[in-house]
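Visitor: Structure provided below as structure tokens; questions to follow.
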Amino acid sequence: MLAAEAGPALFRDSRLHPVWDKVRAGRRLTREDGLLLFETEDLHGLGRMADFAKSRLHGEQVFFVLNRYVNPTNVCVLSCSFCDFARKKGEEGAFENSIEDVLEMIKPGTREAHIVGGHHPDWPFEYYERLIAAIHAARPETQIKAFTAAEIDYLWRRWKIEPREALARLKQAGLHSMPGGGAEIFSPRLQKALHYTGKANADRWLEIHGIAHSLGIKTNATMLYGHIETMAERVEHLLRLRAQQDVSGGFLTFIPLAYQIGNTKLVPRQTPPTDDLRTIGASRLLLDNFPHVEAYWVMIGEETASVALHFGASDVNGTLEDEKIAHMAQAASPPGLAREQVLRMIHDAGKVAVERDALYNVVKVWS
Amino acid sequence: MFAEILAKVEAGKRLDRADGRWLLTDAPLVELGALAQETRFRLHPERQVSFVIDSNPNYTNVCVTDCQFCAFYRKPGDPEAWTLTVEQVLEKIDAAARNGATTVLLQGGHNPALPLDYYLSLVTETRRRFPEVTPHFFTASEIMTMAEASKLSMPEVLARLKTAGQTTLPGGGAEVLSERVRKRIEPKKGGPRAWLDVHREAHRQGFRSTATMMYGHVETPEDVVDHWDFIRDLQDEHGGFTAFVPWSFKPGNTLLEKWIKTYKGPNAYLRMLAASRLYLDNFAHVQASWFSEGKRTGQVALHWGSDDFGGTLFEENVHAAADFVNKVTVDEIITLIREAGFTPVQRTTEYEILKVY
């Protein structure tokens with residue numbers, strides 16, 4: 001049963017009624033609507049609207065992919081305050097994988113390889129190009145989703161290779177799509193406060209995604225929330241993504257990333273699950289031009305991800321056979337789930353599990 | 001169907017079995033939560049969530065009942081079997097009291113070797129030495145074990161415990177109150193009547209007790225509705241139940257493990273809480289558990305019809321035996337409740353408020 005059938009009688013917060021009228025009519029929400037969604041105490045009202053919006057797009061379907069996370073290196077010239085993953089060259093815990101190492105990590109049958117790494121000071125662009133070509137040759141069945149806009153920007157800063165050229169060559173080598181990382185939160189205030197000024201800023205991050213879209217490379221988008229950002233900053237971030245999608249149209253999925261406390265401890269505790277549900281729901285409603293909003297179980301836990309399938313999420317990412325970034329920040333979720341567990345997470349929510357590839361082509365519907 | 005149930009709930013009309021089944025199987029989860037919250041706020045208008053400082057020690061793991069879902073018990077004579085002396089139990093209660101506990105939920109296996117005096121001493125000595133602690137001791141089937149061992153009637157055993165100073169009973173051992181389910185998973189504990197008769201008699205004598213449910217094994221929605229009907233009817237008789245407390249079965253290390261085909265996760269839990277809040281219209285409180293479902297699901301559950309967050313459970317051995325361990329401090333409970341958007345209040349065993357944070 002769709003949320004719409006129950007009618008709006010149960011909104012505890014009557015300010016949601018005009019928003020509901022817009023959602024039902026398929027009209028775009030404003031910045032003020034967005035702020036209200038992040039502020040209302042009526043979590044169910046928000047959830048019902050988000051579920052309606054999600055169901056209109058995807059019915060009862062929830063998507064997942066058999067994937068593998070690969071981090072070629074954690075050596076990074078940056079020192080972002082929220083990151084437990086990066087190490088300086090030679091520092092304890094630093095690692096640098098060879099192409100052979102990476103190939104070994106990607107088992108046959110992996111549908112999607114998600115490849116992101118640190119901003120390595122010495123690795124030339126050609127190394128990344130060879131890496132993609134080698135994976136593509138060895139695992140033709142694996143779709144390669146690689147390199148955040150921040151990494152692409154760094155290749156320009158370090159080696160003066162233009163993003164358009166870099167992406168065109170990577171695509172030629174076998175790149176299928178780009179992950180949405182490195183966006184953090186689009187705010188000059190936080191860029192300074194959390195020391196990510198050396199990284200692609202909002203304009204640059206969006207520009208690079210626009211270039212990728214123009215080259216036919218689909219991409220994702222993220223937002224790092226639950227640290228010291230304001231609700232207005234979250235809304236601003238979402239509106240900028242929406243505006244970019246209007247222009248270039250190549251975003252597949254928005255993935256809100258809950259900040260992990262780890263050792264960086266920007267705040268004393270991880271944001272509560274109600275905030276995760278709220279953020280997923282509000283994102284679904286504001287990002288009316290994004291096909292999917294994801295409940296990323298590594299960050300929010302399997303249980304909250306499962307409940308979030310009623311709050312607008314239409315994707316749970318995947319089996320993620322290895323994911324170092326969140327786990328170096330001590331994320332509580334088990335590192336890597338078998339397909340059985342992903343199915344369990346979707347079926348507990350009463351949804352239909354659809355196994356997909358990196359580009360959302362349907363592989364199999366699991367009843 | 002949702003509109004009909006909504007109309008009934010708003011008119012204060014009792015839900016029937018068909019309504020109950022629909023809530024368990026088909027009701028959309030978020031609408032269900034919203035309706036349960038409406039009901040919860042009608043009963044408890046303050047944005048408060050209560051908790052109790054408590055401990056759950058055990059006096060013996062010796063048990064002759066062989067329940068299929070239990071990883072805690074050992075048969076008499078087993079090398080891992082143990083029974084504490086009255087003094088040893090009181091040491092545990094002392095430790096709980098020193099940590100600020102106002103409730104000690106004491107339960108154990110069904111050990112036929114223990115005389116009634118053992119149990120009576122536990123109650124009298126607890127009352128005498130720790131006046132701030134409510135002895136929330138002995139589930140229904142333990143009361144039956146005492147009656148058999150002492151050759152007294154069950155009402156007489158309850159009367160003696162009452163004289164010793166006991167005023168409340170924990171609601172464990174209900175599992176799912178359905179003939180079919182109990183026959184399958186705990187054939188030696190008797191049908192639903194075995195549990196209900198003890199609580200009825202206890203309420204008649206002026207005890208308060210809780211009603212629990214352990215779901216997520218072999219039960220069907222029909223069995224859950226049976227359970228609700230049994231406890232709702234009994235509550236109509238004497239009003240002795242303080243709260244309803246459901247939790248999901250933990251299959252680790254149990255005989256039942258290999259038979260469990262369906263996993264009951266967080267969505268099933270939220271559904272169970274909210275549907276129970278609506279169906280059990282004569283229960284004042286529905287308890288969400290940070291303990292059995294995890295802290296974060298517990299926080300979400302406070303938005304699905306529950307108004308209580310359970311206890312601190314300084315000591316817990318039964319879930320731990322199924323490899324399920326979860327720990328919390330009073331400070332963390334307070335933080336968890338606040339993060340979920342509510343004001344934490346400390347309560348007693350009988351749900352009287354002691355402190356607003």
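To be explicit about the labels: the chains of the structure tokens are called A, B, and onward in the order shown, and within each one the residues are counted from 1, while ligands get numbers from 1 in the order they are shown.
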Residues of chain A that approach chain B to 8 Å or less, counting only C-alpha atoms: could you list each one with the shortest pair of atoms and its distance in Å to one decimal, rows by chain and increasing residue number, as a Markdown table?
Guide:
| residue | atom | partner | partner_atom | distance |
| --- | --- | --- | --- | --- |
| A:Met1 | CA | B:Pro28 | CA | 6.6 |
| A:Leu2 | CA | B:Pro28 | CA | 7.9 |
| A:Ala3 | CA | B:Glu31 | CA | 7.5 |
| A:Ala6 | CA | B:Ala3 | CA | 6.8 |
| A:Leu10 | CA | B:Ala34 | CA | 6.7 |
| A:His44 | CA | B:Ala34 | CA | 5.7 |
| A:Gly45 | CA | B:Ala34 | CA | 7.7 |
| A:Gly47 | CA | B:Val30 | CA | 6.6 |
| A:Arg48 | CA | B:Val30 | CA | 6.2 |
| A:Pro272 | CA | B:Glu339 | CA | 6.2 |
| A:Pro273 | CA | B:Arg296 | CA | 6.0 |
| A:Thr274 | CA | B:Val300 | CA | 6.2 |
| A:Glu303 | CA | B:Pro266 | CA | 5.7 |
| A:Thr304 | CA | B:Thr297 | CA | 6.8 |
| A:Ser306 | CA | B:Asn267 | CA | 7.2 |
| A:Val307 | CA | B:Asn267 | CA | 5.9 |
| A:His310 | CA | B:Val30 | CA | 6.9 |
| A:Arg344 | CA | B:Tyr263 | CA | 7.2 |
| A:Met345 | CA | B:Gly265 | CA | 7.8 |
| A:Asp348 | CA | B:Gly265 | CA | 5.9 |
| A:Ala349 | CA | B:Asn267 | CA | 5.5 |
Visitor: Could you take the residues named above and write them with C-alpha atoms, as an mmCIF file, in the first residue's frame?
Guide:
data_model
loop_
_atom_site.group_PDB
_atom_site.id
_atom_site.type_symbol
_atom_site.label_atom_id
_atom_site.label_comp_id
_atom_site.auth_asym_id
_atom_site.auth_seq_id
_atom_site.Cartn_x
_atom_site.Cartn_y
_atom_site.Cartn_z
ATOM 1 C CA MET A 1 0.000 0.000 0.000
ATOM 2 C CA LEU A 2 1.341 3.407 -0.913
ATOM 3 C CA ALA A 3 1.607 6.114 1.688
ATOM 4 C CA ALA A 6 -3.682 6.574 4.031
ATOM 5 C CA LEU A 10 -1.666 11.613 10.536
ATOM 6 C CA HIS A 44 6.775 9.617 10.466
ATOM 7 C CA GLY A 45 5.281 12.423 8.401
ATOM 8 C CA GLY A 47 9.028 9.155 6.253
ATOM 9 C CA ARG A 48 5.611 8.729 4.692
ATOM 10 C CA PRO A 272 21.551 8.855 16.102
ATOM 11 C CA PRO A 273 19.594 6.566 13.763
ATOM 12 C CA THR A 274 16.638 8.952 13.743
ATOM 13 C CA GLU A 303 19.393 -2.387 11.150
ATOM 14 C CA THR A 304 18.994 1.315 10.453
ATOM 15 C CA SER A 306 16.851 -1.830 6.745
ATOM 16 C CA VAL A 307 14.383 0.577 8.394
ATOM 17 C CA HIS A 310 10.706 2.827 4.493
ATOM 18 C CA ARG A 344 17.760 -10.424 4.754
ATOM 19 C CA MET A 345 18.106 -6.684 5.274
ATOM 20 C CA ASP A 348 12.940 -7.759 6.721
ATOM 21 C CA ALA A 349 11.652 -4.434 5.418
#
Visitor: Taking 6 positions as the minimum chain separation for residues in the same chain, which residues sit within 7 Å of Thr343 in chain B when counting only C-alpha atoms? Answer as a PyMOL selection string.
Guide: chain B and resi 47-49+337+357
Visitor: Quick one: residues within 9 Å of Arg339 in chain A, only C-alpha atoms counted, chain neighbours fewer than 5 positions away excluded, as number ranges by chain?
Guide: A: 65-66, 318-319, 344
Visitor: How would the residues just picked look written out with N, CA and C atoms as a tab-separated table (two decimals), in the first residue's frame?
Guide:
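The resulting file, selection24.tsv, is reproduced below:
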chain	number	residue	atom	x	y	z
A	65	VAL	N	24.11	-4.53	-5.24
A	65	VAL	CA	25.08	-5.02	-6.22
A	65	VAL	C	26.12	-5.88	-5.50
A	66	LEU	N	26.59	-6.92	-6.18
A	66	LEU	CA	27.71	-7.69	-5.64
A	66	LEU	C	28.97	-6.90	-5.96
A	318	GLY	N	25.86	-2.65	-1.44
A	318	GLY	CA	26.04	-4.04	-1.85
A	318	GLY	C	26.75	-4.86	-0.81
A	319	THR	N	27.38	-5.94	-1.28
A	319	THR	CA	28.00	-6.88	-0.37
A	319	THR	C	29.34	-6.37	0.15
A	344	ARG	N	18.44	-10.42	3.46
A	344	ARG	CA	17.76	-10.42	4.75
A	344	ARG	C	17.38	-9.00	5.17
Visitor: Would you return as a PyMOL selection string the members of range 152-251 of chain B that DSSP assigns to strand (DSSP E) on this structure's backbone?
Guide: chain B and resi 168-169+208-215+241-248
Visitor: Save the residues we just selected, C-alpha atoms, as a short mmCIF file (atom, residue, chain, number, x, y, z; two decimals), in the first residue's frame?
Guide:
data_model
loop_
_atom_site.label_atom_id
_atom_site.label_comp_id
_atom_site.auth_asym_id
_atom_site.auth_seq_id
_atom_site.Cartn_x
_atom_site.Cartn_y
_atom_site.Cartn_z
CA THR B 168 5.91 -7.83 41.74
CA LEU B 169 6.60 -10.71 39.35
CA ARG B 208 1.85 -6.35 39.78
CA SER B 209 3.61 -8.11 36.90
CA THR B 210 4.76 -7.61 33.33
CA ALA B 211 3.70 -9.50 30.23
CA THR B 212 6.44 -10.48 27.81
CA MET B 213 6.62 -12.10 24.41
CA MET B 214 9.55 -13.80 22.73
CA TYR B 215 8.75 -13.92 19.02
CA PHE B 241 0.08 -5.82 34.28
CA THR B 242 2.39 -2.81 34.34
CA ALA B 243 3.82 -3.19 30.85
CA PHE B 244 4.14 -5.33 27.76
CA VAL B 245 7.69 -6.27 26.79
CA PRO B 246 8.33 -8.07 23.49
CA TRP B 247 11.72 -9.20 22.22
CA SER B 248 13.02 -11.27 19.34
#
Visitor: Going by DSSP on the backbone, which residues of range 117-285 of chain B come out as helix (DSSP H, G or I)? List them as JSON, numbers by chain.
Guide: {"B": [117, 118, 119, 120, 121, 122, 123, 124, 125, 126, 127, 128, 129, 140, 141, 142, 143, 144, 145, 146, 147, 148, 149, 150, 154, 155, 156, 157, 158, 159, 160, 161, 162, 163, 164, 179, 180, 181, 182, 183, 184, 185, 187, 188, 189, 192, 193, 194, 195, 196, 197, 198, 199, 200, 201, 202, 203, 204, 221, 222, 223, 224, 225, 226, 227, 228, 229, 230, 231, 232, 233, 234, 235, 236, 237, 238, 257, 258, 259, 266, 267, 268, 269, 270, 271, 272, 273, 274, 275, 276, 277, 278, 279]}
Visitor: Distance CA of Gly216 in chain B-CA of Asp66 in chain B, one decimal place?
Guide: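 We find that CA of Gly216 in chain B and CA of Asp66 in chain B lie 18.9 Å from each other.
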Visitor: Excluding Arg28 in chain A and any residue of its chain fewer than 5 positions from it, enumerate the residues within 9 Å of it, using only C-alpha atoms, and give them as a PyMOL selection string.
Guide: chain A and resi 22-23+285-288
Visitor: Write the selection just made, keeping N, CA and C atoms, as a PDB file, in the first residue's frame?
Guide:
ATOM      1  N   LYS A  22       2.777  19.465  -2.414  1.00  0.00           N
ATOM      2  CA  LYS A  22       3.782  19.575  -3.483  1.00  0.00           C
ATOM      3  C   LYS A  22       4.312  18.194  -3.878  1.00  0.00           C
ATOM      4  N   VAL A  23       4.610  17.378  -2.869  1.00  0.00           N
ATOM      5  CA  VAL A  23       5.180  16.056  -3.157  1.00  0.00           C
ATOM      6  C   VAL A  23       4.202  15.245  -3.993  1.00  0.00           C
ATOM      7  N   LEU A 285      13.256  13.595  -0.815  1.00  0.00           N
ATOM      8  CA  LEU A 285      12.236  14.582  -1.187  1.00  0.00           C
ATOM      9  C   LEU A 285      12.849  15.784  -1.906  1.00  0.00           C
ATOM     10  N   LEU A 286      14.025  16.217  -1.470  1.00  0.00           N
ATOM     11  CA  LEU A 286      14.639  17.387  -2.109  1.00  0.00           C
ATOM     12  C   LEU A 286      15.255  17.048  -3.462  1.00  0.00           C
ATOM     13  N   LEU A 287      15.875  15.871  -3.545  1.00  0.00           N
ATOM     14  CA  LEU A 287      16.572  15.498  -4.790  1.00  0.00           C
ATOM     15  C   LEU A 287      15.600  14.822  -5.754  1.00  0.00           C
ATOM     16  N   ASP A 288      14.631  15.608  -6.219  1.00  0.00           N
ATOM     17  CA  ASP A 288      13.572  15.027  -7.055  1.00  0.00           C
ATOM     18  C   ASP A 288      14.084  14.557  -8.406  1.00  0.00           C
TER      19      ASP A 288
END
Visitor: Need to verify the contact set: Ile260 in chain B, 12 Å, only C-alpha atoms, exclusion of same-chain residues closer than 5 positions in sequence. Can you return it as a list in words?
Guide: Gln68, Phe69, Ile185, Tyr215, Gly216, His217, Val218, Glu219, Phe249, Lys250, Pro251, Gly252, Thr254 and Leu255 of chain B
Visitor: Could you save the residues just selected, with N, CA and C atoms, as an mmCIF file, in the first residue's frame?
Guide:
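To be explicit, this is the file written out as result.cif:
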data_model
loop_
_atom_site.group_PDB
_atom_site.id
_atom_site.type_symbol
_atom_site.label_atom_id
_atom_site.label_comp_id
_atom_site.auth_asym_id
_atom_site.auth_seq_id
_atom_site.Cartn_x
_atom_site.Cartn_y
_atom_site.Cartn_z
ATOM 1 N N GLN B 68 13.532 -25.564 23.951
ATOM 2 C CA GLN B 68 14.313 -25.612 22.718
ATOM 3 C C GLN B 68 15.020 -24.299 22.395
ATOM 4 N N PHE B 69 14.543 -23.213 22.975
ATOM 5 C CA PHE B 69 15.061 -21.897 22.610
ATOM 6 C C PHE B 69 16.126 -21.419 23.582
ATOM 7 N N ILE B 185 7.940 -25.651 21.320
ATOM 8 C CA ILE B 185 9.253 -25.178 21.783
ATOM 9 C C ILE B 185 9.499 -25.389 23.273
ATOM 10 N N TYR B 215 9.271 -13.536 20.333
ATOM 11 C CA TYR B 215 8.754 -13.925 19.024
ATOM 12 C C TYR B 215 9.927 -14.160 18.081
ATOM 13 N N GLY B 216 9.598 -14.620 16.884
ATOM 14 C CA GLY B 216 10.664 -14.777 15.886
ATOM 15 C C GLY B 216 11.188 -16.199 15.828
ATOM 16 N N HIS B 217 10.351 -17.189 16.111
ATOM 17 C CA HIS B 217 10.790 -18.579 15.986
ATOM 18 C C HIS B 217 9.769 -19.347 15.148
ATOM 19 N N VAL B 218 8.810 -20.021 15.798
ATOM 20 C CA VAL B 218 7.890 -20.857 15.014
ATOM 21 C C VAL B 218 6.472 -20.289 14.980
ATOM 22 N N GLU B 219 6.286 -19.088 15.538
ATOM 23 C CA GLU B 219 4.918 -18.568 15.637
ATOM 24 C C GLU B 219 4.413 -17.989 14.307
ATOM 25 N N PHE B 249 13.616 -13.576 19.411
ATOM 26 C CA PHE B 249 14.368 -14.783 19.763
ATOM 27 C C PHE B 249 15.805 -14.699 19.255
ATOM 28 N N LYS B 250 16.751 -15.077 20.113
ATOM 29 C CA LYS B 250 18.161 -15.140 19.707
ATOM 30 C C LYS B 250 18.556 -16.608 19.564
ATOM 31 N N PRO B 251 18.733 -17.080 18.332
ATOM 32 C CA PRO B 251 18.883 -18.526 18.131
ATOM 33 C C PRO B 251 20.236 -19.124 18.511
ATOM 34 N N GLY B 252 21.245 -18.292 18.791
ATOM 35 C CA GLY B 252 22.590 -18.831 19.019
ATOM 36 C C GLY B 252 22.624 -19.916 20.088
ATOM 37 N N THR B 254 21.158 -22.703 20.602
ATOM 38 C CA THR B 254 19.941 -23.352 21.093
ATOM 39 C C THR B 254 19.555 -24.509 20.175
ATOM 40 N N LEU B 255 18.715 -25.404 20.714
ATOM 41 C CA LEU B 255 18.237 -26.536 19.924
ATOM 42 C C LEU B 255 17.365 -26.075 18.761
#
Visitor: Write out as a PyMOL selection string each polymer residue whose atoms come within 9 Å of range 290-293 of chain A, counting only C-alpha atoms; drop sequence neighbours fewer than 3 positions from it.
Guide: chain A and resi 54+57-58+242+245+249-256+280-281+283-284+287+312-316
Visitor: Just C-alpha atoms for this one: save the residues we selected as a tab-separated table (two decimals), in the first residue's frame.
Guide:
chain	number	residue	atom	x	y	z
A	54	LYS	CA	10.46	6.51	-3.53
A	57	LEU	CA	9.87	5.86	-8.76
A	58	HIS	CA	10.62	2.26	-7.85
A	242	ARG	CA	19.97	19.15	-7.49
A	245	GLN	CA	21.71	17.32	-11.92
A	249	GLY	CA	21.78	14.78	-15.51
A	250	GLY	CA	24.30	12.00	-14.97
A	251	PHE	CA	23.93	11.32	-11.24
A	252	LEU	CA	22.57	7.88	-10.43
A	253	THR	CA	22.54	7.75	-6.66
A	254	PHE	CA	22.86	10.08	-3.70
A	255	ILE	CA	24.57	8.50	-0.70
A	256	PRO	CA	24.42	10.33	2.62
A	280	ILE	CA	17.65	9.89	3.89
A	281	GLY	CA	14.00	10.96	3.83
A	283	SER	CA	17.26	13.86	0.61
A	284	ARG	CA	14.73	11.72	-1.25
A	287	LEU	CA	16.57	15.50	-4.79
A	312	GLY	CA	12.92	6.81	0.82
A	313	ALA	CA	16.01	4.67	0.29
A	314	SER	CA	15.91	2.48	-2.83
A	315	ASP	CA	19.42	1.08	-2.63
A	316	VAL	CA	21.59	-0.51	0.06
Visitor: Work out how far apart CA of Ala146 in chain A and CA of Met178 in chain A are and give it in Å to one decimal.
Guide: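 A separation of 5.1 Å between them.
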Visitor: Would you pick out the contacts of Thr271 in chain A at 8 Å or less, using only C-alpha atoms, so that residues sharing its chain but fewer than 3 positions from it are not included, and give the list as a list in words?
Guide: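 The residues that qualify are Gly226, His227, Ala258, Tyr259, Asp275 and Asp276 of chain A.
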Visitor: Output C-alpha atoms for every residue in that selection, as a short mmCIF file (atom, residue, chain, number, x, y, z; two decimals), in the first residue's frame.
Guide:
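Output (part-v5.cif):
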data_model
loop_
_atom_site.label_atom_id
_atom_site.label_comp_id
_atom_site.auth_asym_id
_atom_site.auth_seq_id
_atom_site.Cartn_x
_atom_site.Cartn_y
_atom_site.Cartn_z
CA GLY A 226 26.57 14.20 11.48
CA HIS A 227 29.64 16.19 12.53
CA ALA A 258 27.13 9.39 8.39
CA TYR A 259 30.33 10.65 9.97
CA ASP A 275 18.95 11.53 12.10
CA ASP A 276 19.99 8.95 9.50
#
Visitor: Give the answer as one residue: which of B:Ala202, B:Ala11, B:Ile231, B:Val286 has the shortest atom-to-atom distance to Arg40 in chain B, using only C-alpha atoms?
Guide: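 Looking only at the distances to Arg40 in chain B, the closest residue turns out to be B:Val286.
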Visitor: Between CA of Asn56 in chain B and CA of Ile93 in chain B, what is the spacing in Å?
Guide: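 Interatomic distance, CA of Ile93 in chain B to CA of Asn56 in chain B: 9.4 Å.
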Visitor: Pick out the closest residue to Trp22 in chain B from this set: B:Gly108, B:Tyr279, B:Val318, B:Cys67. Count only C-alpha atoms.
Guide: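 With only C-alpha atoms as the atom set, the closest residue is B:Tyr279.
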